[in-house]
Structure formats: structure tokens, C-alpha cells
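Undergrad: The following block contains the structure, expressed as C-alpha cells.
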Amino acid sequence: MGFLMTTQKNNSALNKAATLGVCYYPEHWDRAKWQGDAEQMREVGITLVRLAEFSWALLEPEAGKYDWQWLDDSIETLANEGLSIILGTPTATPPKWLIDTYPEILPVGIDGQVKKFGSRRHYCFSSEVYRQHCQRIVTEMANRYGEHPAVVAWQTDNEYDCHDTAVSYSDAALKAFQLWLANKYADITALNKAWGNVFWSMTYPSFAAIELPNQTVTEANPAHWMDFRRFTSDQVVSFNREQTEIIRLATAARAEKADITHNFMGRIFGFDHFDVGNDIDIPSWDSYPLGFLEDRSDHDRAFRDKFYRAGDPDFQALHHDLYRAVGDGRWGVMEQQPGPVNWAPYNPAPRAGMVRLWSWEAVAHGAEFVSYFRWRQAPFAQEQMHAGLLLPNSEPSPYLPEIQQFAKELQQVSQTDIDFFATSRETGSVAIVFDYPSAWAWEIQPQGQAFDYFALVFDVYRACRSLGLSVDFISADATLAQYNRYKMVFAPGLFTVTEEQQAIFAETTACCVLGPRFGSKTKDFSIPESLPPNLSESLLDVKVQQVESLSPDTVLPLADCDAEYDYEYGLQYWREYVTVGSQATVTQVLADGSAAVIEQQNIRYLTGWPDETMLNKLIKTLAGEQGLKTLELPEGIRVRQLGSYQLWINYSDDNYEIDSAGAELIVGDSLLMASGVTLLKI
Ligand code: GAL
């Protein structure tokens, strides 16, 4: 199709080819099927095929003995049908012979037990011997295919940290951690002071004496954990970078650049995705809406039962927006759920139309490609119960026609509305700061079981979406120019505040909504001497004197709850008792008379975690003050604004009438049916 290329300036081979993709495992099938598969992919409208990310044991059946023939042939078969390839490095699955030779490659769990061979991701990021073997196989692969015209992009490994695999408590991790600490602190006295090791006689005599923070009698020092989490993230980043450097070298001579991607997962925080994002060209992620609803959602059963065939209306969008921010605006869906999956507690079939809806939704958030997992359902091994686009007997799955419809629609839109496909990192009207170290900090020290960083960010995200606001994410080191791009920036739960951020808050034109738990630690994981939120009084004349965490059943009601509600609403999970100085104004109080929301110039401070009603009303009011137009959308109806386009989608079972007055209908109708998609040009 190639329509995306006009919006890209960077001579990438991938975005000249990309639109619809599929994950394909030729090694699972008899060769007699390969040609027919390639033809059928082309006919369906697929242009991009991801290959080989779990194939190490086939590529190198014995140490140093390579077999490239099958991959050569399969690439040729696909390329001859005009399909482009994303080649995966096979390092998520070290082969048995390698593990038997070097058992120290295996990761060690928090319980000190070695995790065994027999599934995948069975390696420790700190194993030097594993890194050498990864560099070797990636070099061989990149040298062989780096200049192949059909290989337009590379995927490193597969889903870092999926199955909780970023962290490992191996001897290799211990040695590498000690070195990392020595580099960071130079002298052991500095570490002891930073961590506060005078407490409980934890003083270390040397870096070599430091252990990993697992398996202690009771909780280990949070500063110890925090550095271990930072170290763990750095290990993932450097592991990935070793591969990207090899691939860049091997592809440097190409006329068209071969992009590098990694496929991130949903609700995964074991490493800082912004740091990995710096080393790749185009982040991607694996979107399994029904699996996530059952497996990774905080919603109660009633909500999940309502959306069990559609997915959480905001979970996919949040990740689309987050991973767009992790790169420079280019991103894609590497694995899109194509039918029932096998790995969640319950695995229902998507409602008719949802696979098409999810695909459209991704494109409306700027995806350059949507690739389905997988081509044909495997009749064997772990994922035999996971749908593909074809049944195990090669007949089409019930969802294949939806994908064909989507392919046709995209093609039609691309002929007249090329602008719709412009990619940019900044397309929303409000921004939320997302910070991986804050996720680590509150995992280490939740203080109350309900305090979860992602859940807090998600609540803010969902409230914005339900008001029809399109959201961008920015990192904690976003620049003043980035802040000024928005009328409102939210920074919920940001655990530490830097001098640079203070300068930005002082200068930005954006209304900054901070808290709860903002700036409540130093970077060394101590309570700041001037008390949280650790901002100068001229910015925010507030001091947190005491905090409390609350069980999920407790709500601290606002003093002025609207009578139109038959329940009280206010703060939940977390509350801060604050003193408010003369420069700040309390704008909302709790029924007990204490401050709930505080205002000072362009800063708004939340002293707790607002429940859904309070949050929606508050954001609506603040957005109104900033001149942002809001809507009131039912929980299954969402709209994404992209320049002069609006994509409306319906996750609910009910029809919804869109106010499309004055707009041109590009796809769909103003009556948005269940699973419906409507694209408007305003
Ligand atoms: C992903 C993974 C794929 C496949 C898929 C099944 O997490 O990358 O290899 O296992 O899940 O849904």
C-alpha cells in the first residue's frame, strides 16, 4: 500500500511497506504450505510479516553449526509475493544445548530458586556468557539478512520482562549489581549514607559485601530495592543496546534504513521503556484486549462482565499513547489479538466487529502498522488454544473477514485522507507524566495495599477520556516546550521532583495538576528535609505533615458533594494532612474540613486519590477553566481526536448517536452501533 510514507521524512524502509502485518512461524508448518500462505496473506491485505523471534534452536541446532536454509527459503517465498519482513532476533529462547553447557544463564527467582528450561525467557540479563552468545547469534543473523531488501525492520528479542523476567537474583546479577553500585557511589560511605544504613545496623564495609534485597527476614531497605530496580532496568537497556548496535552496523549500507523495534507488553514496569525507546526507531507493543481485561485489570467482576467480549475501553488506548511517547511518535502494534487467547483466567471470544475496532483504534492513535498474532493457530504445544487468522486446518477464522474489511477501508481512506495518517508524538490536548521509577518506588513502598502507580495514572487517563479529551504521555524529563504544548499536564504520584522540573513548573503556561504523593521522596528514597511536596513556597506553599492509607471501602467525602448524586464522593486509598501557607488557596475541602484540592498560580495540588466521581468533576472544571471543550461520554464510547479527524468507537453493547453536525463522514455512520467505528472529518 505504501501510503504512510508521505508522512515520514526519515527514509525508513518499514513505513514504505507497512500497514497490516502478521506474526508467522514457517518453522511450525510443512513447507508445502508456505507458498499458499504467502499468497493468502497478500490477498487478505497483509504487507508485513514478522518471523523468527523464537527460532534459535533451528537456526543453530548445535554450537556453532548454523542452518539458515529454511529461513532463507521462507523469506524468499514471502518476498516473492511482495511481502516485507520484520526479523526477530531469537534471544528470548536460548536453546537447550546452550543452557546445558552454561546453566548459569538461567534466571533466579525471588525465592532463590533457579527457573528451568522448558518454556521461554529463561535467561538472566546479567549473564555475561549469555550476552556473548546473543551477540554472536545476532551478528550472524544481521550479517546474513541486514542488506536483504525484503527485511525492512528488526525486532530485538521478545517482550522484555513478560512473565516477570527483567529481575533475576542470580550470582551474575549480584556481581553486576555490586559493580553498578561502585560506579554510582564510588565510595561505600556515600552508599551507606544515601541508603540510611545506620538504621538496623545495616552498614556495609565494602561494595563486595552488598547482597541482593531478596530473601531477607523482613523488608529490605527501600533504598536498596530502588537501586536494585534501577540496576535491573539498566541491564535490560544495555542488553537491548548490544543488539541494536550490531543490527545498525549490519544494515548501515542499505539505501533505505531498516528500523529497529521491540515489542513491549501491557502493564509491564520491570524496566524503563523510555530508556529502551532511546535505542530503537519505532516502539511497538502487543495488544490483547480481552486477555488484559481478565488478567491485568483492577475492575470488579461487574465491569469485566460488561466488557468481556470487547475489552476495557481505555486500556489499549493508554498503551497506544504511552508507547507513542516512548519513541519519537512512530509506533506500531506488533501483536493484535485475533480471537480468543489462551493465557487469561477466562478467554472469551471477541464480539463480532471488535478485531476491526481494535485495529482502527490503533491507527487513530498513530500506529504505523497493526500486525496480528498469529497467522495459523498451532495445533501443538503451549499455545494450541490461542486463535490465529486461520484455524489449524487452514480454514479462515471467524475474524478474518473483519481484517479484510479493515484492510479495504484503510486503503480507501488512504486514497482521499492521507492527512489522517500523519504521525506525531504530540496529538493530544492534555498530557500525563509517566515515570517508571515512580512505579518502582510505590511498588517498593505502597504504604497501603491499594496504592498502585499504574492504577492512579490509569484513573486520570480514564477520566480524561470519558470527558472526550485526547491524551499524550510525557516523560518525567520532558522539556518546558513540551509542557507548553498543553493546557493541562497531570503528574500523579511522581515520587521525586528535580530542580529542572521546579523550573518548568515556575515557567510553564500549562496548568499543572500535581499529587497525590508528589515529590514525597528524594532520589535516595528518603523523606525530603523540607517535607513533601518538596516544592519552593513560591511554587506551592504546602507541606505534607502526615499521610494515611485507606482500605478500598473507605471514602473521605467532599464537604460539598452535589445533591444530584445519591452517594458521597471524595478521596479514596490515600490522603495527606497538609498545612497550607498564605500563598496557596484551598479550593475544595473534605467534610472534615481539611484541604482536598489546593491552588497556587498554575499549580493544582491533590491531597489524596480522588474517586471516579470527584476526579471526573474536577478535571471537567479545570478543563473548562483552561478553555478545553469536554463531552460526557458513556463508559463504552470513546473518541480520539487526531488533527481535524475524530475516530469514534463503541466498546459497549448499546447504540450511540454521535453529534456529527457539520462533519464529513469518512467511515461508518453517525449512529454508532456496538463494536462500531466512525471516522469524521471536522
Ligand atoms: C505474547 C507473545 C507471543 C504469544 C502471545 C500469545 O505475549 O509475545 O509470543 O505468546 O503473547 O497471546
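Residues are named by chain letter and number: chains run A, B, ... in the order of the C-alpha cells, numbers start at 1 in each chain, and ligands are numbered from 1 in the order shown.
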List all protein, DNA and RNA residues that have at least one atom no more than 10 Å from any atom of ligand 1, counting only C-alpha atoms and all ligand atoms, and write them as a ChimeraX atom specification.
TA: /A:23,53-54,92,120,157-160,162-163,263-266,285-288,291,334-344,373-374,382-383,385-388
Undergrad: Which neighbours of Ala362 (chain A) fall inside 8 Å, counting only C-alpha atoms, when residues of the same chain fewer than 2 positions from it are skipped, and could you give them as an MDAnalysis selection string?
TA: chainID A and resid 317 320 332:333 358:360 364:367 370
Undergrad: Would you save the residues from that selection as a compact mmCIF listing (two decimals), in the first residue's frame, using N, CA and C atoms?
TA:
# COMPACT_ATOMS: atom_id res chain seq x y z
N ALA A 317 -5.94 2.07 24.57
CA ALA A 317 -5.61 3.46 24.21
C ALA A 317 -4.47 3.99 25.08
N HIS A 320 -1.33 2.60 23.72
CA HIS A 320 -1.01 3.22 22.43
C HIS A 320 -0.34 4.58 22.68
N GLY A 332 3.91 1.07 16.52
CA GLY A 332 3.02 0.12 15.87
C GLY A 332 2.52 -0.94 16.84
N VAL A 333 1.51 -1.69 16.40
CA VAL A 333 1.05 -2.84 17.18
C VAL A 333 1.68 -4.08 16.55
N TRP A 358 -10.52 -2.65 17.28
CA TRP A 358 -9.19 -2.50 17.91
C TRP A 358 -8.16 -2.01 16.88
N SER A 359 -8.29 -2.53 15.66
CA SER A 359 -7.33 -2.16 14.62
C SER A 359 -7.47 -0.68 14.26
N TRP A 360 -8.71 -0.23 14.09
CA TRP A 360 -8.96 1.18 13.79
C TRP A 360 -8.49 2.07 14.93
N ALA A 364 -5.91 5.24 14.83
CA ALA A 364 -6.31 6.59 15.26
C ALA A 364 -5.38 7.15 16.34
N HIS A 365 -4.63 6.27 16.98
CA HIS A 365 -3.64 6.75 17.95
C HIS A 365 -2.26 6.85 17.29
N GLY A 366 -2.22 6.66 15.97
CA GLY A 366 -0.98 6.90 15.24
C GLY A 366 -0.18 5.67 14.86
N ALA A 367 -0.75 4.46 15.04
CA ALA A 367 0.03 3.25 14.70
C ALA A 367 0.39 3.24 13.22
N VAL A 370 -0.43 -2.47 12.11
CA VAL A 370 -1.15 -3.33 13.03
C VAL A 370 -0.91 -4.75 12.55
Undergrad: Between CA of Trp375 (chain A) and CA of Phe292 (chain A), what distance in Å does the model show, to one decimal?
TA: 20.9 Å
Undergrad: With only C-alpha atoms as the counted atoms, please give the residues lying no more than 8 Å from region 40-48 of chain A, apart from itself and same-chain residues fewer than 3 positions off, as a ChimeraX atom specification.
TA: /A:1,17-22,36-37,81-86,371,403-404,407-408
Undergrad: Write out, as a CSV table (one decimal), in the first residue's frame, the residues just selected, with N, CA and C atoms.
TA:
chain,number,residue,atom,x,y,z
A,1,MET,N,0.8,-1.2,0.0
A,1,MET,CA,0.0,0.0,0.0
A,1,MET,C,0.9,1.3,0.0
A,17,ALA,N,6.4,0.2,3.6
A,17,ALA,CA,5.7,-1.1,3.3
A,17,ALA,C,4.5,-1.3,4.3
A,18,ALA,N,4.6,-0.7,5.4
A,18,ALA,CA,3.7,-1.1,6.5
A,18,ALA,C,2.3,-0.7,6.4
A,19,THR,N,1.4,-1.6,6.8
A,19,THR,CA,0.0,-1.3,7.2
A,19,THR,C,-0.4,-2.4,8.0
A,20,LEU,N,-0.8,-3.5,7.3
A,20,LEU,CA,-1.2,-4.7,8.1
A,20,LEU,C,-0.2,-5.8,8.1
A,21,GLY,N,0.0,-6.4,9.3
A,21,GLY,CA,1.0,-7.4,9.4
A,21,GLY,C,0.5,-8.6,10.0
A,22,VAL,N,1.4,-9.6,10.1
A,22,VAL,CA,1.0,-10.9,10.8
A,22,VAL,C,2.3,-11.5,11.3
A,36,GLY,N,1.3,-21.1,-0.4
A,36,GLY,CA,-0.1,-20.8,-0.3
A,36,GLY,C,-0.3,-19.8,0.8
A,37,ASP,N,0.4,-19.9,1.9
A,37,ASP,CA,0.3,-18.9,3.0
A,37,ASP,C,0.7,-17.5,2.5
A,81,GLU,N,6.1,-12.8,-3.0
A,81,GLU,CA,4.7,-12.3,-3.0
A,81,GLU,C,4.6,-10.8,-2.7
A,82,GLY,N,5.7,-10.2,-2.6
A,82,GLY,CA,5.7,-8.7,-2.3
A,82,GLY,C,5.6,-8.4,-0.8
A,83,LEU,N,5.8,-9.4,0.0
A,83,LEU,CA,5.6,-9.1,1.5
A,83,LEU,C,6.9,-8.6,2.1
A,84,SER,N,6.9,-7.7,3.0
A,84,SER,CA,8.1,-7.3,3.7
A,84,SER,C,8.2,-8.0,5.0
A,85,ILE,N,9.4,-8.0,5.5
A,85,ILE,CA,9.7,-8.9,6.7
A,85,ILE,C,10.2,-8.0,7.9
A,86,ILE,N,9.7,-8.3,9.1
A,86,ILE,CA,10.3,-7.9,10.3
A,86,ILE,C,11.0,-9.1,10.9
A,371,SER,N,-0.3,-5.5,13.4
A,371,SER,CA,0.1,-6.9,13.0
A,371,SER,C,-0.6,-7.9,13.9
A,403,ILE,N,-10.8,-8.4,9.3
A,403,ILE,CA,-9.4,-7.9,9.0
A,403,ILE,C,-9.4,-7.5,7.5
A,404,GLN,N,-10.0,-8.3,6.7
A,404,GLN,CA,-10.1,-7.9,5.2
A,404,GLN,C,-10.8,-6.6,5.0
A,407,ALA,N,-8.6,-3.8,6.1
A,407,ALA,CA,-7.6,-3.5,5.0
A,407,ALA,C,-8.2,-2.7,3.9
A,408,LYS,N,-9.4,-3.0,3.5
A,408,LYS,CA,-10.1,-2.3,2.4
A,408,LYS,C,-10.4,-0.9,2.8
Undergrad: In terms of the shortest atom-to-atom distance over only C-alpha atoms, which of A:Gly668, A:Pro492, A:Gly277, A:Pro313 is closest to Leu456 (chain A)?
TA: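 The shortest atom-to-atom distance to Leu456 (chain A) comes from A:Pro492.
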Undergrad: Tell me, as a list in words, which residues lie within 9 Å of Phe177 (chain A), counting only C-alpha atoms; anything in the same chain fewer than 4 positions away does not count.
TA: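 Within the cut-off, the hits are Ser126, Ala172, Ala173, Leu181, Ala182, Ile210, Glu211, Leu212, Asp227, Phe228, Phe231 and Thr232 of chain A.
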Undergrad: Counting only C-alpha atoms, which residue out of A:Val276, A:Ala255, A:Leu98, A:Val217 sits closest to Ser238 (chain A)?
TA: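 Smallest distance to Ser238 (chain A) is found for A:Val276.
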Undergrad: Kindly give the distance, in Å, that separates CA of His273 (chain A) and CA of Leu318 (chain A), rounded to a single decimal.
TA: 14.3 Å
Undergrad: So how many Å separate CA of Glu568 (chain A) and CA of Pro610 (chain A), to one decimal?
TA: 12.1 Å
Undergrad: Mind dumping a table of every region 335-365 of chain A residue within 8 Å of region 644-665 of chain A, with the nearest atom pair and its distance in Å to one decimal, using only C-alpha atoms, sorted by chain and rising number, as CSV?
TA:
residue,atom,partner,partner_atom,distance
A:Met354,CA,A:Tyr651,CA,7.9
A:Leu357,CA,A:Ile649,CA,6.9
A:Glu361,CA,A:Ile649,CA,7.4
A:Ala364,CA,A:Leu647,CA,6.4
Undergrad: List as a list of chain:residue names the protein and nucleic acid residues near Leu293 (chain A), meaning an atom at most 10 Å away when only C-alpha atoms are counted, but skip any in the same chain fewer than 3 places from it.
TA: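 Once the adjacent positions are removed, what remains is A:Tyr288, A:Pro289, A:Leu290, A:Arg296, A:Ser297, A:Asp298, A:His299, A:Phe303, A:Arg304, A:Asp305, A:Phe307, A:Tyr308, A:Arg309, A:Ala310, A:Gly311, A:Asp312, A:Pro313, A:Phe315, A:Ala344, A:Pro345, A:Tyr346, A:Asn347.
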Undergrad: Just to be explicit: take each residue in the selection above, keep N, CA, C and O atoms, and write the result as an mmCIF file, in the first residue's frame.
TA:
data_model
loop_
_atom_site.group_PDB
_atom_site.id
_atom_site.type_symbol
_atom_site.label_atom_id
_atom_site.label_comp_id
_atom_site.auth_asym_id
_atom_site.auth_seq_id
_atom_site.Cartn_x
_atom_site.Cartn_y
_atom_site.Cartn_z
ATOM 1 N N TYR A 288 -3.651 -7.244 23.625
ATOM 2 C CA TYR A 288 -4.572 -8.367 23.830
ATOM 3 C C TYR A 288 -5.726 -7.903 24.717
ATOM 4 O O TYR A 288 -5.763 -8.206 25.925
ATOM 5 N N PRO A 289 -6.686 -7.172 24.156
ATOM 6 C CA PRO A 289 -7.700 -6.502 24.985
ATOM 7 C C PRO A 289 -8.472 -7.434 25.910
ATOM 8 O O PRO A 289 -8.693 -7.084 27.078
ATOM 9 N N LEU A 290 -8.871 -8.605 25.438
ATOM 10 C CA LEU A 290 -9.669 -9.482 26.315
ATOM 11 C C LEU A 290 -8.785 -10.181 27.341
ATOM 12 O O LEU A 290 -9.179 -10.343 28.503
ATOM 13 N N ARG A 296 -5.212 -8.393 33.796
ATOM 14 C CA ARG A 296 -4.430 -7.248 34.299
ATOM 15 C C ARG A 296 -5.282 -6.059 34.668
ATOM 16 O O ARG A 296 -4.818 -4.924 34.661
ATOM 17 N N SER A 297 -6.572 -6.298 34.957
ATOM 18 C CA SER A 297 -7.439 -5.159 35.221
ATOM 19 C C SER A 297 -7.765 -5.086 36.701
ATOM 20 O O SER A 297 -7.841 -6.102 37.383
ATOM 21 N N ASP A 298 -7.951 -3.881 37.209
ATOM 22 C CA ASP A 298 -8.361 -3.706 38.603
ATOM 23 C C ASP A 298 -9.880 -3.633 38.720
ATOM 24 O O ASP A 298 -10.407 -3.457 39.804
ATOM 25 N N HIS A 299 -10.587 -3.708 37.602
ATOM 26 C CA HIS A 299 -12.043 -3.553 37.639
ATOM 27 C C HIS A 299 -12.718 -4.740 38.308
ATOM 28 O O HIS A 299 -12.219 -5.862 38.260
ATOM 29 N N PHE A 303 -17.913 -4.939 36.001
ATOM 30 C CA PHE A 303 -17.347 -4.212 34.863
ATOM 31 C C PHE A 303 -16.808 -5.206 33.834
ATOM 32 O O PHE A 303 -17.067 -5.099 32.633
ATOM 33 N N ARG A 304 -16.087 -6.193 34.334
ATOM 34 C CA ARG A 304 -15.481 -7.154 33.398
ATOM 35 C C ARG A 304 -16.555 -7.952 32.664
ATOM 36 O O ARG A 304 -16.399 -8.260 31.484
ATOM 37 N N ASP A 305 -17.647 -8.245 33.356
ATOM 38 C CA ASP A 305 -18.726 -8.969 32.673
ATOM 39 C C ASP A 305 -19.376 -8.105 31.593
ATOM 40 O O ASP A 305 -19.837 -8.601 30.574
ATOM 41 N N PHE A 307 -17.815 -5.904 29.763
ATOM 42 C CA PHE A 307 -16.928 -5.692 28.613
ATOM 43 C C PHE A 307 -16.145 -6.946 28.218
ATOM 44 O O PHE A 307 -15.118 -6.845 27.557
ATOM 45 N N TYR A 308 -16.668 -8.121 28.621
ATOM 46 C CA TYR A 308 -15.821 -9.310 28.458
ATOM 47 C C TYR A 308 -15.542 -9.671 27.006
ATOM 48 O O TYR A 308 -14.552 -10.334 26.715
ATOM 49 N N ARG A 309 -16.392 -9.232 26.079
ATOM 50 C CA ARG A 309 -16.115 -9.518 24.660
ATOM 51 C C ARG A 309 -15.534 -8.310 23.920
ATOM 52 O O ARG A 309 -15.368 -8.338 22.698
ATOM 53 N N ALA A 310 -15.285 -7.232 24.656
ATOM 54 C CA ALA A 310 -14.815 -6.012 23.993
ATOM 55 C C ALA A 310 -13.478 -5.527 24.544
ATOM 56 O O ALA A 310 -12.653 -4.972 23.821
ATOM 57 N N GLY A 311 -13.276 -5.762 25.838
ATOM 58 C CA GLY A 311 -12.062 -5.255 26.484
ATOM 59 C C GLY A 311 -12.345 -3.949 27.210
ATOM 60 O O GLY A 311 -13.387 -3.324 27.020
ATOM 61 N N ASP A 312 -11.410 -3.562 28.081
ATOM 62 C CA ASP A 312 -11.511 -2.285 28.786
ATOM 63 C C ASP A 312 -11.404 -1.162 27.757
ATOM 64 O O ASP A 312 -10.421 -1.104 27.009
ATOM 65 N N PRO A 313 -12.384 -0.266 27.710
ATOM 66 C CA PRO A 313 -12.382 0.774 26.672
ATOM 67 C C PRO A 313 -11.178 1.725 26.728
ATOM 68 O O PRO A 313 -10.971 2.487 25.785
ATOM 69 N N PHE A 315 -7.870 0.697 28.214
ATOM 70 C CA PHE A 315 -6.576 0.035 28.453
ATOM 71 C C PHE A 315 -5.694 0.051 27.194
ATOM 72 O O PHE A 315 -4.498 0.356 27.265
ATOM 73 N N ALA A 344 -5.340 -16.035 29.819
ATOM 74 C CA ALA A 344 -6.017 -15.306 30.899
ATOM 75 C C ALA A 344 -6.871 -16.284 31.705
ATOM 76 O O ALA A 344 -7.126 -17.405 31.265
ATOM 77 N N PRO A 345 -7.349 -15.883 32.894
ATOM 78 C CA PRO A 345 -8.194 -16.793 33.687
ATOM 79 C C PRO A 345 -9.438 -17.246 32.922
ATOM 80 O O PRO A 345 -9.871 -18.385 33.069
ATOM 81 N N TYR A 346 -10.022 -16.352 32.134
ATOM 82 C CA TYR A 346 -11.121 -16.714 31.229
ATOM 83 C C TYR A 346 -10.765 -16.163 29.859
ATOM 84 O O TYR A 346 -10.209 -15.074 29.762
ATOM 85 N N ASN A 347 -11.106 -16.899 28.809
ATOM 86 C CA ASN A 347 -10.688 -16.494 27.464
ATOM 87 C C ASN A 347 -11.857 -16.477 26.488
ATOM 88 O O ASN A 347 -11.976 -17.350 25.622
#
Undergrad: So, counting only C-alpha atoms, which residue among A:Val589, A:Glu548, A:Ser414, A:Arg604 is closest to Phe505 (chain A)?
TA: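 For Phe505 (chain A), the nearest of the given residues is A:Arg604.
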